[in-house]
Amino acid sequence: THSVPRLTLLSVAAEKVTSLGKDWHRPCLRCEKCNKTLTSGGHAEHDGKPYCNHPCYAALFGPKGFGRGGAESHTFK
């Protein structure tokens with residue numbers, strides 16, 4: 001049988017995050033729009049996909065007028 005060194009198993013476990021009901025490799029949990037790496041519980045979700053809270057989720061799915069033209073205004077095409 002093949003055995004994996006314990007250090008490798010611990011490294012893999014340390015890189016695992018659970019979010020949206022799934023396990024992710026830490027670097028794979030990214031915003032669908034801007035590709036920013038996210039933290040478990042530190043992001044929004046829409047249709048089962050992760051998004052950063054600001055600016056992506058707010059601009060895409062938040063109330064219209066987000067930022068109202070100021071420095072925080074974001075629009076995506």
# chains A, B, ... in the order shown; residues from 1 in each chain; ligands from 1

$ residues_around --residues "Lys36 of chain A" --least-positions-apart "4" --cutoff "8 Å" --atoms "only C-alpha atoms" --output "list of chain:residue names"
A:Arg30, A:Cys31, A:Cys52

$ residues_around --residues "Lys33 of chain A" --least-positions-apart "4" --cutoff "12 Å" --atoms "only C-alpha atoms" --output "list in words"
Thr37, Leu38, Ala44, Glu45, His46, Lys49, Pro50, Tyr51, Cys52, Asn53, His54, Pro55, Cys56, Tyr57, Ala58, Ala59, Leu60, Phe61, Thr75, Phe76 and Lys77 of chain A

$ write_last_selection --atoms "C-alpha atoms" --output "CSV table (one decimal), in the first residue's frame"
chain,number,residue,atom,x,y,z
A,37,THR,CA,-8.8,35.1,-2.8
A,38,LEU,CA,-11.6,34.9,-0.2
A,44,ALA,CA,-21.0,36.8,-0.2
A,45,GLU,CA,-22.8,34.1,-2.3
A,46,HIS,CA,-25.1,34.3,-5.3
A,49,LYS,CA,-20.9,31.1,-6.3
A,50,PRO,CA,-18.6,33.1,-4.0
A,51,TYR,CA,-18.1,36.9,-4.5
A,52,CYS,CA,-16.2,39.4,-2.5
A,53,ASN,CA,-18.6,41.7,-0.5
A,54,HIS,CA,-17.2,44.9,-1.9
A,55,PRO,CA,-17.1,45.9,-4.6
A,56,CYS,CA,-18.3,42.8,-6.6
A,57,TYR,CA,-21.3,41.5,-4.8
A,58,ALA,CA,-22.6,45.0,-3.8
A,59,ALA,CA,-22.2,46.3,-7.4
A,60,LEU,CA,-23.7,43.2,-9.1
A,61,PHE,CA,-26.5,42.3,-6.8
A,75,THR,CA,-20.1,49.3,-12.4
A,76,PHE,CA,-19.5,46.1,-14.3
A,77,LYS,CA,-20.3,45.5,-17.9

$ atom_distance --atom1 "atom CA of Leu29 of chain A" --atom2 "atom CA of Gly41 of chain A"
11.0 Å

$ atom_distance --atom1 "atom CA of Glu32 of chain A" --atom2 "atom CA of Gly62 of chain A"
15.6 Å

$ atom_distance --atom1 "atom CA of His25 of chain A" --atom2 "atom CA of His43 of chain A"
15.6 Å
